[in-house]
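A.B. asks: The structure under discussion is supplied below as structure tokens; questions concerning it will follow.
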Amino acid sequence: MKGAGYYIIFFIIFVVIVVPGLIVKSCKPIQFEGPSEQKRIKEAVGENFISVYINSSKKIEKILLEDYVKGVVAAEMPASFNIEALKAQSVAARTYVYKRWRTVGGNGCSLHPKADVCDNPSHCQAWITKSEMLKKWGLFSYYHYYSKINQAVNSTAGMIILYQDEPIDQLFFSTSNGKTENSEDVWEKQIPYLRSVVSPDEEAAPRFFAVKEFTVEEIVSKLRQKWPDIVIDHKNPQAQWKVLEVSEGGRVKKMQVGNKVIKGTEFRQLFELNSTDFKWERSGKNIKIMTTGYGHGVGMSQYGADAMAKNGASYIDIIKHYYKGVEIIKKIE
């Protein structure tokens, strides 16, 4: 029995301490290419480098296109998702940068004129390095997740999404309420491939349903700061709220708030809500606002893409479902 106990202790030490040390020393995914290796790669693949402005270092870096796409997918979509969803995100990410890639006639990043894109998610796309992936996922998950993303990006290499021979604006968001939105219901511009479609089976998403609770005083204060001339009952403000128009996607498009008619997007922004699919109720001295879905609702729902993939859809099925009338081609060799 003692011998068996020693064997178990030795096995645990070997797996927990020795193996990770060997992996860190030997595994290639977290080795970073030096200048000579970058030169060799460049000679092999041509000029498929893009200029990325890195906000943390305030510098522009030249990165291989497909390596950039891997960093975007790692940053923008949970790596635990089905690989077909990861492929759809890969093609969408590549389409985004192709549309802005100055080498092929794009306009580049409007904030950083010498760059094609930046890594600020509120302006371009989120992007992370391999070391940041390691921190995000941890040592043991890193190799599995990076392998999945590597496979998803490599298997769709060079592919982008076109509508009438032009790369699309590949909008996406986290979680739908069961349907996506028409573009004009959120930003007023009608884009033919950004149509409202059903997006079922997302109820298990972590932010599918949420509740935020505010005091009446907070509500009134925020409303008056936003609209100083608003006329609102300071004791029962919610009694003067009314939904006037609902979008095709089932979200609040216009509503009455006191003497104001405002957009659902304005209300969402003011109270930092997860989506414009919201309802409210009085709860004592507070007001609860319940939301369904997470994000603006236009384009591809990421959790919807994962649900479709788990139900057998390919990345092409996913892309053509969320972006109507598009084609997927290999544009970059």
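Identifiers for the structure tokens are assigned positionally: chains receive A, B, ... in sequence, residues are indexed from 1 per chain, and ligands are indexed from 1 in the order shown.
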Please identify every residue of range 87-172 of chain A that has at least one atom no farther than 7 Å from an atom of range 63-83 of chain A, counting only C-alpha atoms, and for each give the shortest atom pair and the distance in Å to one decimal, arranged by chain then increasing number, as CSV.
C.D. replies:
```
residue,atom,partner,partner_atom,distance
A:Lys87,CA,A:Ile83,CA,6.1
A:Gln89,CA,A:Val73,CA,6.3
A:Ser90,CA,A:Val73,CA,6.1
A:Ala93,CA,A:Val69,CA,6.1
A:Arg94,CA,A:Val69,CA,6.1
A:Gln125,CA,A:Val72,CA,6.7
A:Ala126,CA,A:Ala75,CA,5.7
A:Trp127,CA,A:Val72,CA,4.3
A:Ile128,CA,A:Gly71,CA,4.9
A:Thr129,CA,A:Gly71,CA,6.0
A:Tyr145,CA,A:Ala79,CA,5.6
A:Lys148,CA,A:Ile83,CA,6.7
A:Ile149,CA,A:Lys70,CA,6.3
A:Asn150,CA,A:Lys70,CA,6.6
A:Ala152,CA,A:Ile83,CA,6.2
A:Val153,CA,A:Lys70,CA,6.3
A:Ala157,CA,A:Glu66,CA,7.0
```
A.B. asks: Tell me, as number ranges by chain, which residues lie within 9 Å of Thr95 in chain A, counting only C-alpha atoms; anything in the same chain fewer than 3 positions away does not count.
C.D. replies: A: 90-92, 98-100, 159-162, 167-170
A.B. asks: Rounded to one decimal, what separation in Å do you get between CA of Gly293 in chain A and CA of Leu194 in chain A?
C.D. replies: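 For CA of Gly293 in chain A relative to CA of Leu194 in chain A, the distance reads 17.8 Å.
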A.B. asks: Enumerate, as a ChimeraX atom specification, the complete set of residues in range 162-285 of chain A that a backbone-based DSSP assignment places in alpha helix (DSSP H).
C.D. replies: /A:184-187,216-226,264-271
A.B. asks: Taking only C-alpha atoms into account, name the residue in A:Arg282, A:Lys310, A:His321, A:Lys58 that is nearest to Val198 in chain A.
C.D. replies: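 Comparing A:Arg282, A:Lys310, A:His321, A:Lys58 against Val198 in chain A, the winner is A:His321.
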A.B. asks: Rank nothing, just name the residue among A:Gln164, A:Asn286, A:Ser57, A:Ser51 nearest to Glu327 in chain A, using only C-alpha atoms.
C.D. replies: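 Nearest candidate to Glu327 in chain A out of A:Gln164, A:Asn286, A:Ser57, A:Ser51: A:Gln164.
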